[in-house]
$ cat entry_10.cif   # mmCIF, C-alpha atoms and all ligand atoms
data_protein
#
loop_
_atom_site.label_atom_id
_atom_site.label_comp_id
_atom_site.auth_asym_id
_atom_site.auth_seq_id
_atom_site.Cartn_x
_atom_site.Cartn_y
_atom_site.Cartn_z
CA MET A 1 30.54 -45.73 46.10
CA LEU A 2 32.91 -48.40 44.96
CA SER A 3 34.37 -50.81 47.47
CA TRP A 4 35.79 -54.33 47.26
CA GLU A 5 34.26 -55.30 50.61
CA TYR A 6 30.84 -54.70 52.13
CA PRO A 7 29.11 -56.86 54.76
CA PRO A 8 28.60 -59.78 54.84
CA ARG A 9 31.92 -59.77 52.97
CA ILE A 10 34.27 -58.53 55.71
CA VAL A 11 38.02 -58.61 55.27
CA GLY A 12 39.06 -55.59 57.30
CA GLY A 13 37.95 -52.14 58.40
CA ILE A 14 36.84 -50.92 54.97
CA ALA A 15 33.71 -53.09 55.04
CA ARG A 16 32.60 -51.56 58.33
CA HIS A 17 33.57 -48.07 57.24
CA VAL A 18 31.71 -48.19 53.91
CA GLN A 19 28.58 -49.73 55.41
CA GLU A 20 28.29 -47.33 58.33
CA LEU A 21 29.16 -44.28 56.23
CA ALA A 22 26.75 -45.29 53.45
CA GLU A 23 23.89 -45.94 55.89
CA SER A 24 24.51 -42.67 57.74
CA LEU A 25 24.60 -40.71 54.47
CA ALA A 26 21.38 -42.41 53.41
CA ALA A 27 19.79 -41.43 56.73
CA GLN A 28 20.75 -37.83 55.92
CA GLY A 29 18.95 -37.97 52.57
CA VAL A 30 21.81 -38.85 50.20
CA GLU A 31 20.91 -41.58 47.70
CA VAL A 32 23.80 -44.01 48.08
CA HIS A 33 24.51 -46.83 45.65
CA VAL A 34 27.36 -49.17 46.51
CA LEU A 35 29.08 -51.22 43.83
CA THR A 36 30.85 -54.10 45.51
CA ALA A 37 31.88 -57.73 45.13
CA SER A 38 29.28 -60.47 45.16
CA HIS A 39 28.95 -62.85 48.09
CA PRO A 40 27.35 -66.32 48.15
CA ASP A 41 25.12 -65.38 51.12
CA ALA A 42 23.96 -61.97 49.92
CA PRO A 43 21.59 -60.84 47.16
CA GLU A 44 23.11 -59.23 44.07
CA GLU A 45 20.65 -56.35 44.06
CA ALA A 46 19.17 -55.14 47.35
CA VAL A 47 18.26 -52.13 49.43
CA GLU A 48 19.70 -52.60 52.92
CA ASN A 49 19.06 -49.95 55.59
CA GLY A 50 18.40 -47.33 52.94
CA VAL A 51 21.49 -48.15 50.84
CA PHE A 52 21.22 -49.51 47.28
CA LEU A 53 23.59 -52.43 46.89
CA HIS A 54 24.83 -53.82 43.61
CA ARG A 55 26.97 -56.90 44.23
CA VAL A 56 28.75 -57.97 41.08
CA GLY A 57 31.56 -60.08 39.68
CA PRO A 58 33.36 -63.15 40.90
CA PRO A 59 32.83 -63.77 44.63
CA PHE A 60 36.08 -65.53 45.54
CA HIS A 61 39.60 -64.35 45.06
CA PRO A 62 42.12 -67.03 44.22
CA ARG A 63 45.15 -66.63 46.46
CA GLU A 64 47.56 -66.98 43.55
CA ASP A 65 46.02 -64.25 41.38
CA PHE A 66 44.70 -61.50 43.60
CA LEU A 67 45.40 -58.74 41.09
CA GLY A 68 43.60 -60.66 38.33
CA TRP A 69 40.55 -60.97 40.58
CA VAL A 70 40.64 -57.26 41.49
CA LEU A 71 40.71 -56.31 37.81
CA ALA A 72 37.85 -58.70 37.02
CA LEU A 73 35.84 -57.22 39.89
CA ASN A 74 36.53 -53.72 38.61
CA ALA A 75 35.39 -54.66 35.10
CA SER A 76 32.09 -55.86 36.61
CA MET A 77 31.72 -52.76 38.80
CA GLN A 78 32.39 -50.61 35.77
CA SER A 79 29.73 -52.22 33.60
CA ARG A 80 27.10 -52.12 36.37
CA GLY A 81 28.10 -48.50 37.05
CA GLU A 82 27.71 -47.63 33.38
CA ALA A 83 24.20 -49.02 33.29
CA LEU A 84 23.20 -47.10 36.41
CA LEU A 85 24.75 -43.83 35.26
CA HIS A 86 23.21 -44.01 31.77
CA ALA A 87 19.78 -44.40 33.32
CA TRP A 88 20.23 -41.59 35.87
CA LEU A 89 21.79 -39.10 33.52
CA GLN A 90 18.96 -39.61 31.08
CA THR A 91 16.12 -39.31 33.57
CA GLU A 92 17.61 -36.77 36.01
CA PRO A 93 20.42 -34.91 34.25
CA GLU A 94 20.47 -32.09 36.83
CA THR A 95 20.92 -34.29 39.92
CA PRO A 96 24.47 -34.13 41.27
CA VAL A 97 26.31 -37.46 41.02
CA ILE A 98 29.63 -38.15 42.71
CA LEU A 99 31.78 -41.26 42.46
CA HIS A 100 33.52 -42.26 45.69
CA ALA A 101 36.19 -44.99 45.48
CA HIS A 102 37.64 -46.72 48.53
CA ASP A 103 41.31 -47.66 48.13
CA TRP A 104 43.17 -48.83 45.00
CA LEU A 105 40.94 -51.93 44.85
CA ALA A 106 38.20 -49.76 43.34
CA TYR A 107 40.45 -47.46 41.32
CA PRO A 108 40.15 -48.88 37.78
CA ALA A 109 36.34 -48.72 37.78
CA GLY A 110 36.34 -45.31 39.49
CA ARG A 111 38.68 -43.82 36.93
CA ALA A 112 36.84 -45.35 33.96
CA LEU A 113 33.43 -44.09 35.11
CA LYS A 114 34.83 -40.64 35.90
CA HIS A 115 36.16 -40.14 32.38
CA ALA A 116 33.33 -41.88 30.53
CA PHE A 117 30.64 -39.74 32.18
CA ARG A 118 32.75 -36.71 33.13
CA ILE A 119 31.64 -36.73 36.75
CA PRO A 120 33.91 -36.07 39.73
CA LEU A 121 35.67 -38.81 41.66
CA VAL A 122 36.38 -38.63 45.40
CA ALA A 123 38.80 -41.15 46.92
CA THR A 124 39.28 -42.43 50.43
CA ILE A 125 42.74 -43.87 51.06
CA HIS A 126 42.32 -46.25 53.99
CA ALA A 127 45.87 -47.59 54.03
CA THR A 128 48.88 -47.73 51.73
CA GLU A 129 50.83 -50.67 50.38
CA HIS A 130 54.08 -48.96 51.33
CA GLY A 131 52.89 -48.49 54.90
CA ARG A 132 51.53 -52.02 55.27
CA HIS A 133 54.85 -53.58 54.28
CA GLY A 134 57.26 -50.89 55.44
CA GLY A 135 58.40 -50.40 51.82
CA LEU A 136 57.79 -51.83 48.35
CA PHE A 137 59.39 -55.25 48.04
CA SER A 138 57.60 -56.99 45.17
CA ASP A 139 56.21 -56.27 41.73
CA LEU A 140 52.71 -56.69 43.10
CA SER A 141 53.42 -54.05 45.78
CA ARG A 142 54.87 -51.68 43.20
CA THR A 143 51.78 -52.13 41.01
CA ILE A 144 49.46 -51.43 43.95
CA HIS A 145 51.52 -48.38 44.92
CA GLN A 146 51.25 -47.05 41.36
CA MET A 147 47.46 -47.55 41.40
CA GLU A 148 47.24 -45.76 44.75
CA TRP A 149 49.14 -42.82 43.32
CA GLU A 150 46.90 -42.73 40.25
CA LEU A 151 43.83 -42.79 42.46
CA THR A 152 45.03 -39.77 44.48
CA TYR A 153 45.88 -38.03 41.20
CA GLU A 154 42.53 -38.71 39.52
CA ALA A 155 40.49 -37.83 42.61
CA TRP A 156 38.99 -34.38 42.97
CA ARG A 157 39.62 -34.61 46.69
CA VAL A 158 41.22 -37.29 48.85
CA ILE A 159 39.80 -38.31 52.23
CA VAL A 160 41.99 -39.98 54.87
CA CYS A 161 41.06 -41.21 58.35
CA SER A 162 43.83 -39.66 60.49
CA GLN A 163 46.49 -36.94 60.63
CA PHE A 164 49.01 -39.76 60.34
CA MET A 165 47.51 -40.75 56.98
CA LEU A 166 47.51 -37.13 55.82
CA GLY A 167 51.29 -37.12 56.29
CA GLU A 168 51.74 -40.52 54.71
CA VAL A 169 49.67 -39.81 51.59
CA HIS A 170 51.39 -36.44 51.13
CA ARG A 171 54.84 -37.97 51.55
CA LEU A 172 54.31 -41.06 49.37
CA PHE A 173 52.25 -39.60 46.54
CA ALA A 174 53.09 -35.88 46.71
CA THR A 175 49.36 -35.19 47.04
CA PRO A 176 49.00 -31.47 47.82
CA LEU A 177 48.05 -31.03 51.48
CA ASP A 178 45.13 -28.77 50.52
CA LYS A 179 43.64 -31.55 48.40
CA ILE A 180 43.30 -33.90 51.40
CA ASP A 181 40.52 -33.91 54.03
CA VAL A 182 40.96 -35.72 57.33
CA ILE A 183 37.72 -37.34 58.49
CA PRO A 184 38.01 -39.94 61.27
CA ASN A 185 36.29 -43.31 61.28
CA GLY A 186 33.33 -43.87 63.52
CA ILE A 187 31.48 -46.52 65.40
CA ARG A 188 27.86 -47.28 65.99
CA ALA A 189 27.99 -47.61 69.75
CA GLU A 190 24.34 -48.79 69.89
CA LYS A 191 25.21 -52.14 68.34
CA PHE A 192 26.85 -53.16 71.62
CA GLU A 193 23.83 -52.26 73.73
CA PHE A 194 21.88 -55.50 73.47
CA GLU A 195 20.28 -57.54 76.26
CA PHE A 196 22.83 -59.95 77.71
CA PRO A 197 21.57 -61.20 81.08
CA GLU A 198 24.21 -61.88 83.74
CA ALA A 199 23.66 -65.68 83.78
CA GLU A 200 23.96 -65.92 80.00
CA ARG A 201 27.02 -63.71 80.06
CA TRP A 202 28.84 -65.95 82.55
CA ALA A 203 27.89 -69.08 80.63
CA PHE A 204 29.24 -67.51 77.43
CA ARG A 205 32.45 -66.36 79.19
CA GLN A 206 33.02 -69.88 80.48
CA ARG A 207 33.72 -70.97 76.89
CA TYR A 208 36.95 -68.98 77.00
CA ALA A 209 38.04 -68.83 80.66
CA GLN A 210 37.21 -69.64 84.25
CA PRO A 211 35.61 -66.83 86.28
CA ASP A 212 38.90 -66.00 88.06
CA GLU A 213 40.94 -65.90 84.85
CA PRO A 214 41.28 -62.45 83.24
CA ILE A 215 40.80 -62.45 79.44
CA VAL A 216 43.18 -60.48 77.22
CA PHE A 217 41.53 -60.07 73.81
CA PHE A 218 42.74 -59.34 70.28
CA VAL A 219 40.76 -59.19 67.04
CA GLY A 220 42.33 -58.52 63.66
CA ARG A 221 43.67 -60.19 60.56
CA MET A 222 46.63 -62.53 61.04
CA VAL A 223 49.04 -60.31 59.10
CA PRO A 224 52.36 -59.05 60.45
CA GLU A 225 51.33 -55.38 60.57
CA LYS A 226 48.55 -56.10 63.10
CA GLY A 227 51.25 -57.32 65.52
CA VAL A 228 49.89 -60.59 67.00
CA GLN A 229 53.51 -61.78 67.14
CA VAL A 230 54.37 -58.86 69.46
CA LEU A 231 51.43 -59.75 71.69
CA LEU A 232 52.59 -63.39 71.88
CA GLN A 233 56.07 -62.22 72.85
CA ALA A 234 54.59 -59.97 75.52
CA PHE A 235 52.34 -62.65 76.99
CA PRO A 236 54.96 -64.62 78.99
CA ILE A 237 55.89 -61.34 80.71
CA VAL A 238 52.22 -60.78 81.55
CA LYS A 239 51.85 -64.38 82.80
CA ALA A 240 54.90 -64.02 85.04
CA GLU A 241 52.94 -61.46 87.08
CA VAL A 242 49.37 -62.58 86.43
CA PRO A 243 49.66 -66.37 85.99
CA LYS A 244 45.93 -66.86 85.41
CA ALA A 245 45.73 -64.50 82.42
CA ARG A 246 44.31 -66.00 79.23
CA LEU A 247 44.77 -64.73 75.69
CA VAL A 248 41.92 -65.00 73.17
CA ILE A 249 42.84 -64.18 69.57
CA ALA A 250 40.12 -63.72 66.93
CA GLY A 251 40.55 -62.99 63.24
CA GLY A 252 40.97 -64.63 59.86
CA GLY A 253 44.11 -65.50 57.93
CA ALA A 254 46.87 -68.10 58.00
CA ARG A 255 48.09 -68.71 61.54
CA ALA A 256 50.06 -71.99 61.58
CA HIS A 257 53.28 -70.05 62.25
CA LEU A 258 51.67 -68.22 65.19
CA GLU A 259 50.37 -71.50 66.65
CA GLY A 260 53.88 -72.92 66.30
CA PHE A 261 55.24 -69.93 68.20
CA VAL A 262 52.67 -70.50 70.98
CA ARG A 263 53.90 -74.10 71.33
CA PHE A 264 57.50 -72.88 71.39
CA LEU A 265 56.56 -70.55 74.26
CA HIS A 266 54.70 -73.41 76.05
CA LEU A 267 51.59 -71.26 76.15
CA GLU A 268 49.15 -73.76 74.57
CA ASP A 269 47.06 -73.88 77.75
CA SER A 270 46.50 -70.16 77.96
CA VAL A 271 46.24 -68.98 74.34
CA GLN A 272 43.20 -69.68 72.18
CA PHE A 273 42.86 -68.87 68.45
CA LEU A 274 39.26 -68.51 67.27
CA GLY A 275 39.82 -67.73 63.58
CA PHE A 276 37.28 -65.51 61.81
CA ILE A 277 34.21 -65.05 64.01
CA PRO A 278 30.80 -63.70 63.05
CA ASP A 279 29.68 -60.34 64.47
CA GLU A 280 27.26 -62.03 66.84
CA GLU A 281 30.14 -63.73 68.68
CA LEU A 282 32.41 -60.69 68.44
CA LEU A 283 29.88 -58.36 70.06
CA ARG A 284 29.33 -60.84 72.89
CA LEU A 285 33.05 -61.36 73.39
CA TYR A 286 33.54 -57.65 73.87
CA ARG A 287 31.05 -57.85 76.71
CA VAL A 288 33.06 -60.47 78.65
CA VAL A 289 36.74 -59.65 78.13
CA ASP A 290 38.93 -57.69 80.56
CA VAL A 291 41.26 -55.85 78.21
CA ALA A 292 41.48 -55.43 74.42
CA VAL A 293 44.97 -55.18 72.94
CA TYR A 294 45.90 -53.79 69.50
CA PRO A 295 49.68 -53.95 69.06
CA SER A 296 49.84 -52.88 65.37
CA LEU A 297 53.10 -52.02 63.67
CA TYR A 298 51.16 -50.02 61.05
CA GLU A 299 47.63 -48.72 61.59
CA PRO A 300 45.97 -45.92 59.62
CA PHE A 301 43.20 -45.61 62.21
CA GLY A 302 42.18 -48.76 64.10
CA ILE A 303 38.38 -49.14 64.23
CA VAL A 304 38.86 -52.11 66.57
CA ALA A 305 40.06 -49.73 69.29
CA LEU A 306 36.81 -47.79 68.92
CA GLU A 307 34.84 -51.03 69.23
CA ALA A 308 36.42 -51.85 72.58
CA MET A 309 36.06 -48.25 73.76
CA ALA A 310 32.39 -48.18 72.78
CA VAL A 311 31.70 -51.19 75.01
CA GLY A 312 33.73 -49.86 77.92
CA VAL A 313 36.53 -52.44 77.67
CA PRO A 314 39.94 -51.01 78.68
CA VAL A 315 42.23 -50.71 75.64
CA VAL A 316 45.97 -51.09 75.32
CA VAL A 317 47.34 -50.15 71.91
CA SER A 318 50.65 -49.45 70.22
CA ASP A 319 51.52 -45.91 69.22
CA ALA A 320 51.63 -46.85 65.51
CA GLY A 321 50.03 -44.53 62.96
CA GLY A 322 46.55 -43.27 63.74
CA LEU A 323 46.09 -45.37 66.90
CA LYS A 324 47.53 -42.66 69.11
CA GLU A 325 44.93 -40.23 67.73
CA VAL A 326 42.14 -42.70 68.56
CA VAL A 327 43.38 -43.69 72.04
CA TRP A 328 44.60 -40.84 74.22
CA HIS A 329 47.34 -42.17 76.47
CA GLU A 330 46.35 -42.34 80.16
CA GLN A 331 43.01 -40.68 79.38
CA THR A 332 40.97 -43.10 77.29
CA GLY A 333 43.42 -46.04 77.30
CA ILE A 334 47.11 -46.92 77.34
CA THR A 335 49.45 -46.52 74.38
CA THR A 336 52.72 -48.44 74.27
CA TYR A 337 55.78 -48.47 71.99
CA ALA A 338 55.04 -50.24 68.70
CA GLY A 339 56.99 -53.46 68.16
CA ASN A 340 58.12 -53.56 71.81
CA PRO A 341 56.84 -56.58 73.81
CA GLU A 342 58.12 -55.22 77.17
CA SER A 343 56.25 -51.98 76.64
CA LEU A 344 53.10 -53.85 75.57
CA ALA A 345 53.29 -56.17 78.60
CA TRP A 346 53.67 -53.09 80.82
CA GLY A 347 50.47 -51.64 79.31
CA ILE A 348 48.49 -54.88 79.76
CA LEU A 349 49.72 -55.27 83.35
CA ARG A 350 48.76 -51.69 84.12
CA VAL A 351 45.18 -52.64 83.30
CA LEU A 352 45.15 -56.07 84.95
CA LYS A 353 46.85 -54.88 88.15
CA ASP A 354 44.95 -51.63 88.56
CA PRO A 355 41.42 -52.36 87.33
CA GLU A 356 40.00 -49.30 89.10
CA SER A 357 42.01 -46.76 87.03
CA ALA A 358 41.40 -48.87 83.94
CA ARG A 359 37.66 -48.65 84.56
CA ARG A 360 37.84 -44.85 84.92
CA ARG A 361 39.71 -44.52 81.61
CA ALA A 362 37.25 -46.90 79.93
CA GLU A 363 34.28 -44.84 81.15
CA TYR A 364 35.79 -41.67 79.75
CA ALA A 365 36.57 -43.53 76.50
CA GLN A 366 32.90 -44.50 76.23
CA GLN A 367 31.91 -40.82 76.43
CA VAL A 368 34.54 -39.71 73.93
CA VAL A 369 33.47 -42.36 71.42
CA ARG A 370 29.91 -41.06 71.59
CA THR A 371 30.90 -37.43 71.04
CA GLU A 372 33.96 -37.57 68.75
CA PHE A 373 33.58 -40.68 66.66
CA HIS A 374 29.94 -41.00 65.74
CA TRP A 375 28.80 -41.54 62.17
CA GLU A 376 26.22 -38.78 62.03
CA ARG A 377 28.96 -36.21 62.40
CA ILE A 378 31.31 -38.07 60.04
CA ALA A 379 28.59 -38.33 57.39
CA GLN A 380 28.04 -34.56 57.68
CA GLN A 381 31.75 -33.93 57.16
CA THR A 382 31.70 -36.25 54.14
CA ARG A 383 28.67 -34.45 52.70
CA ARG A 384 30.58 -31.18 53.03
CA VAL A 385 33.37 -32.67 50.92
CA TYR A 386 30.81 -33.78 48.29
CA GLN A 387 29.20 -30.31 48.27
CA ARG A 388 32.56 -28.61 47.84
CA VAL A 389 33.52 -30.97 45.01
CA TRP A 390 30.21 -30.49 43.24
CA GLY A 391 30.49 -26.69 43.52
CA GLU A 392 34.04 -26.69 42.15
CA TYR A 393 33.04 -29.13 39.41
CA LEU A 394 30.21 -26.86 38.21
CA GLN A 395 32.64 -23.93 38.09
CA SER A 396 35.38 -25.90 36.39
CA GLY A 397 34.00 -26.19 32.88
CA TRP A 398 35.16 -29.83 32.81
CA GLY A 399 31.69 -31.31 33.28
CA ARG A 400 29.19 -32.84 30.93
O1 LIG B 501 40.42 -48.32 60.37
C1 LIG B 501 39.12 -48.16 57.71
C2 LIG B 501 40.34 -48.99 58.04
C3 LIG B 501 41.17 -48.42 59.19
O2 LIG B 501 43.24 -48.73 60.39
C4 LIG B 501 42.35 -49.33 59.49
C5 LIG B 501 43.00 -49.92 58.29
C6 LIG B 501 42.30 -49.88 56.97
O3 LIG B 501 44.07 -50.52 58.38
O4 LIG B 501 39.43 -46.85 57.33
O5 LIG B 501 41.14 -49.09 56.88
#

$ encode --input "entry_10.cif" --output "structure tokens"
Amino acid sequence: MLSWEYPPRIVGGIARHVQELAESLAAQGVEVHVLTASHPDAPEEAVENGVFLHRVGPPFHPREDFLGWVLALNASMQSRGEALLHAWLQTEPETPVILHAHDWLAYPAGRALKHAFRIPLVATIHATEHGRHGGLFSDLSRTIHQMEWELTYEAWRVIVCSQFMLGEVHRLFATPLDKIDVIPNGIRAEKFEFEFPEAERWAFRQRYAQPDEPIVFFVGRMVPEKGVQVLLQAFPIVKAEVPKARLVIAGGGARAHLEGFVRFLHLEDSVQFLGFIPDEELLRLYRVVDVAVYPSLYEPFGIVALEAMAVGVPVVVSDAGGLKEVVWHEQTGITTYAGNPESLAWGILRVLKDPESARRRAEYAQQVVRTEFHWERIAQQTRRVYQRVWGEYLQSGWGR
């Protein structure tokens, strides 16, 4: 597998996806090697929970030359990949080997290794540049779009995480529908089931709010498509009916403009930005908040909604992209109109003003997460894709 992020390097959902998929595949007997970017706090070569990790290349990406860094990372992934493949193909030439690239950020290395060793490449498209920006408005975006298209073209099969993404990839890249497999993302619900005694829980909650103040929670990157600005616009409407509500916003990225907007709204006393938070704090936060809100304008899937659902926190989401496949309106949560603060405020107030129905939906959501979105099943579906690809590859005459 090739991925630009893998814990402890976490930028967005891909890191979680690749780690949990890789570990679940390993638990099912697949030997998984992940080529990924190096990180100052992680070993370059390691076996973590059954997964072989090879962290290579420059650890930091300069803001002004992201593409240059991606290409440098890919050159490093390619050379480490070459060394691994040479060794395996010499010692075990009969063992099936599949390359699996996650998003355009791993495309150059994936393509190079595919052609050098004549082994099949599978691609997961987690999101598209066109979707993220609502179009292609810069040379960088056009370059990324081109690389995404090439990745879908070079891949033997393409995996996407929602029906929404199936449509988007087909529409943007003309990928044949029968070349795409839809496999949802999952969540490891167990990670939320740790000991958190009542007294400790209240003390922790006190850092963010008083006991009688309901906490509205958001976690995500501070980029326009995740919709924090819509949530800030909705919050005065929420406060008009529930004056004690507090908003806690976690996630990395530049936020000076959002803080300025909070001051403009005179909400400084009830909105708190935490910035990027480690998992330890995130998991605890989920255990103390009253509602989790994901108001994305574009969302291929939305693993964060699964996180809240796994813990039993009521969710209010927008109906963008895959989110409405993850959260079933009125059954496992509330979906609202994307980009519409009134609609979002309505959803949040529905939870805050009727906690009993919210609790019922959250309980059902907890069950659904455990049956529909668990990694064991997703890893099995992924293995089926690998098996199909390997079978077709052997028949194809293209191989080694
Ligand atoms: O969950 C992992 C993630 C998705 O919606 C998410 C996104 C990028 O934006 O598949 O990839």

$ closest_atom_pairs --input "entry_10.cif" --of "chain A" --to "ligand LIG 501 (chain B)" --cutoff "8 Å" --atoms "only C-alpha atoms and all ligand atoms" --output "tab-separated table"
residue	atom	partner	partner_atom	distance
A:Gly12	CA	B:LIG501	C6	6.6
A:Gly13	CA	B:LIG501	C2	4.0
A:Ile14	CA	B:LIG501	C1	4.5
A:Ala15	CA	B:LIG501	C1	7.8
A:Arg16	CA	B:LIG501	C1	7.4
A:His17	CA	B:LIG501	C1	5.6
A:Ile125	CA	B:LIG501	O4	7.7
A:His126	CA	B:LIG501	O5	4.2
A:Ala127	CA	B:LIG501	C6	5.2
A:Val160	CA	B:LIG501	O4	7.7
A:Cys161	CA	B:LIG501	O4	6.0
A:Asn185	CA	B:LIG501	O4	6.2
A:Tyr298	CA	B:LIG501	O3	7.6
A:Glu299	CA	B:LIG501	O2	4.6
A:Pro300	CA	B:LIG501	O2	4.0
A:Phe301	CA	B:LIG501	O2	3.6
A:Gly302	CA	B:LIG501	O2	3.9
A:Ile303	CA	B:LIG501	O1	4.4
A:Val304	CA	B:LIG501	O1	7.4
A:Gly322	CA	B:LIG501	O2	7.2
A:Leu323	CA	B:LIG501	O2	7.9

$ closest_residue --input "entry_10.cif" --among "A:Met165, A:Val158, A:Leu306, A:Val47" --to "Gly321 of chain A" --atoms "all atoms listed in the file"
A:Met165

$ residues_near_point --input "entry_10.cif" --point "(33.8, -40.2, 74.2)" --cutoff "12 Å" --atoms "only C-alpha atoms" --output "PDB file with C-alpha atoms, in the frame of the given file"
ATOM      1  CA  GLY A 186      33.330 -43.870  63.520  1.00  0.00           C
ATOM      2  CA  ILE A 187      31.480 -46.520  65.400  1.00  0.00           C
ATOM      3  CA  ALA A 189      27.990 -47.610  69.750  1.00  0.00           C
ATOM      4  CA  LEU A 306      36.810 -47.790  68.920  1.00  0.00           C
ATOM      5  CA  GLU A 307      34.840 -51.030  69.230  1.00  0.00           C
ATOM      6  CA  MET A 309      36.060 -48.250  73.760  1.00  0.00           C
ATOM      7  CA  ALA A 310      32.390 -48.180  72.780  1.00  0.00           C
ATOM      8  CA  VAL A 311      31.700 -51.190  75.010  1.00  0.00           C
ATOM      9  CA  GLY A 312      33.730 -49.860  77.920  1.00  0.00           C
ATOM     10  CA  VAL A 326      42.140 -42.700  68.560  1.00  0.00           C
ATOM     11  CA  VAL A 327      43.380 -43.690  72.040  1.00  0.00           C
ATOM     12  CA  TRP A 328      44.600 -40.840  74.220  1.00  0.00           C
ATOM     13  CA  GLN A 331      43.010 -40.680  79.380  1.00  0.00           C
ATOM     14  CA  THR A 332      40.970 -43.100  77.290  1.00  0.00           C
ATOM     15  CA  GLY A 333      43.420 -46.040  77.300  1.00  0.00           C
ATOM     16  CA  ARG A 361      39.710 -44.520  81.610  1.00  0.00           C
ATOM     17  CA  ALA A 362      37.250 -46.900  79.930  1.00  0.00           C
ATOM     18  CA  GLU A 363      34.280 -44.840  81.150  1.00  0.00           C
ATOM     19  CA  TYR A 364      35.790 -41.670  79.750  1.00  0.00           C
ATOM     20  CA  ALA A 365      36.570 -43.530  76.500  1.00  0.00           C
ATOM     21  CA  GLN A 366      32.900 -44.500  76.230  1.00  0.00           C
ATOM     22  CA  GLN A 367      31.910 -40.820  76.430  1.00  0.00           C
ATOM     23  CA  VAL A 368      34.540 -39.710  73.930  1.00  0.00           C
ATOM     24  CA  VAL A 369      33.470 -42.360  71.420  1.00  0.00           C
ATOM     25  CA  ARG A 370      29.910 -41.060  71.590  1.00  0.00           C
ATOM     26  CA  THR A 371      30.900 -37.430  71.040  1.00  0.00           C
ATOM     27  CA  GLU A 372      33.960 -37.570  68.750  1.00  0.00           C
ATOM     28  CA  PHE A 373      33.580 -40.680  66.660  1.00  0.00           C
ATOM     29  CA  HIS A 374      29.940 -41.000  65.740  1.00  0.00           C
TER      30      HIS A 374
END

$ atom_distance --input "entry_10.cif" --atom1 "atom CA of Ala75 of chain A" --atom2 "atom CA of Ala109 of chain A"
6.6 Å

$ atom_distance --input "entry_10.cif" --atom1 "atom CA of Met222 of chain A" --atom2 "atom CA of Pro278 of chain A"
16.0 Å

$ decode --input "entry_10.cif" --residues "segment 202-213 of chain A" --atoms "N, CA and C atoms" --output "PDB file, in the first residue's frame"
ATOM      1  N   TRP A 202     -16.322  14.164  34.580  1.00  0.00           N
ATOM      2  CA  TRP A 202     -16.829  15.508  34.878  1.00  0.00           C
ATOM      3  C   TRP A 202     -15.700  16.509  34.984  1.00  0.00           C
ATOM      4  N   ALA A 203     -14.587  16.072  35.583  1.00  0.00           N
ATOM      5  CA  ALA A 203     -13.433  16.977  35.717  1.00  0.00           C
ATOM      6  C   ALA A 203     -12.912  17.344  34.320  1.00  0.00           C
ATOM      7  N   PHE A 204     -12.861  16.347  33.434  1.00  0.00           N
ATOM      8  CA  PHE A 204     -12.385  16.591  32.071  1.00  0.00           C
ATOM      9  C   PHE A 204     -13.342  17.533  31.334  1.00  0.00           C
ATOM     10  N   ARG A 205     -14.661  17.298  31.514  1.00  0.00           N
ATOM     11  CA  ARG A 205     -15.674  18.111  30.824  1.00  0.00           C
ATOM     12  C   ARG A 205     -15.599  19.585  31.249  1.00  0.00           C
ATOM     13  N   GLN A 206     -15.266  19.759  32.520  1.00  0.00           N
ATOM     14  CA  GLN A 206     -15.179  21.106  33.099  1.00  0.00           C
ATOM     15  C   GLN A 206     -14.175  21.997  32.357  1.00  0.00           C
ATOM     16  N   ARG A 207     -13.198  21.350  31.661  1.00  0.00           N
ATOM     17  CA  ARG A 207     -12.237  22.154  30.895  1.00  0.00           C
ATOM     18  C   ARG A 207     -12.916  22.916  29.760  1.00  0.00           C
ATOM     19  N   TYR A 208     -14.066  22.405  29.324  1.00  0.00           N
ATOM     20  CA  TYR A 208     -14.713  22.984  28.138  1.00  0.00           C
ATOM     21  C   TYR A 208     -16.023  23.693  28.461  1.00  0.00           C
ATOM     22  N   ALA A 209     -16.707  23.266  29.540  1.00  0.00           N
ATOM     23  CA  ALA A 209     -18.026  23.851  29.832  1.00  0.00           C
ATOM     24  C   ALA A 209     -18.430  23.558  31.256  1.00  0.00           C
ATOM     25  N   GLN A 210     -19.377  24.347  31.746  1.00  0.00           N
ATOM     26  CA  GLN A 210     -19.973  24.077  33.060  1.00  0.00           C
ATOM     27  C   GLN A 210     -20.969  22.921  32.897  1.00  0.00           C
ATOM     28  N   PRO A 211     -21.296  22.250  34.019  1.00  0.00           N
ATOM     29  CA  PRO A 211     -22.180  21.076  33.901  1.00  0.00           C
ATOM     30  C   PRO A 211     -23.524  21.377  33.222  1.00  0.00           C
ATOM     31  N   ASP A 212     -24.049  22.591  33.373  1.00  0.00           N
ATOM     32  CA  ASP A 212     -25.368  22.877  32.771  1.00  0.00           C
ATOM     33  C   ASP A 212     -25.255  23.469  31.359  1.00  0.00           C
ATOM     34  N   GLU A 213     -24.051  23.476  30.808  1.00  0.00           N
ATOM     35  CA  GLU A 213     -23.892  24.031  29.461  1.00  0.00           C
ATOM     36  C   GLU A 213     -23.719  22.900  28.439  1.00  0.00           C
TER      37      GLU A 213
END
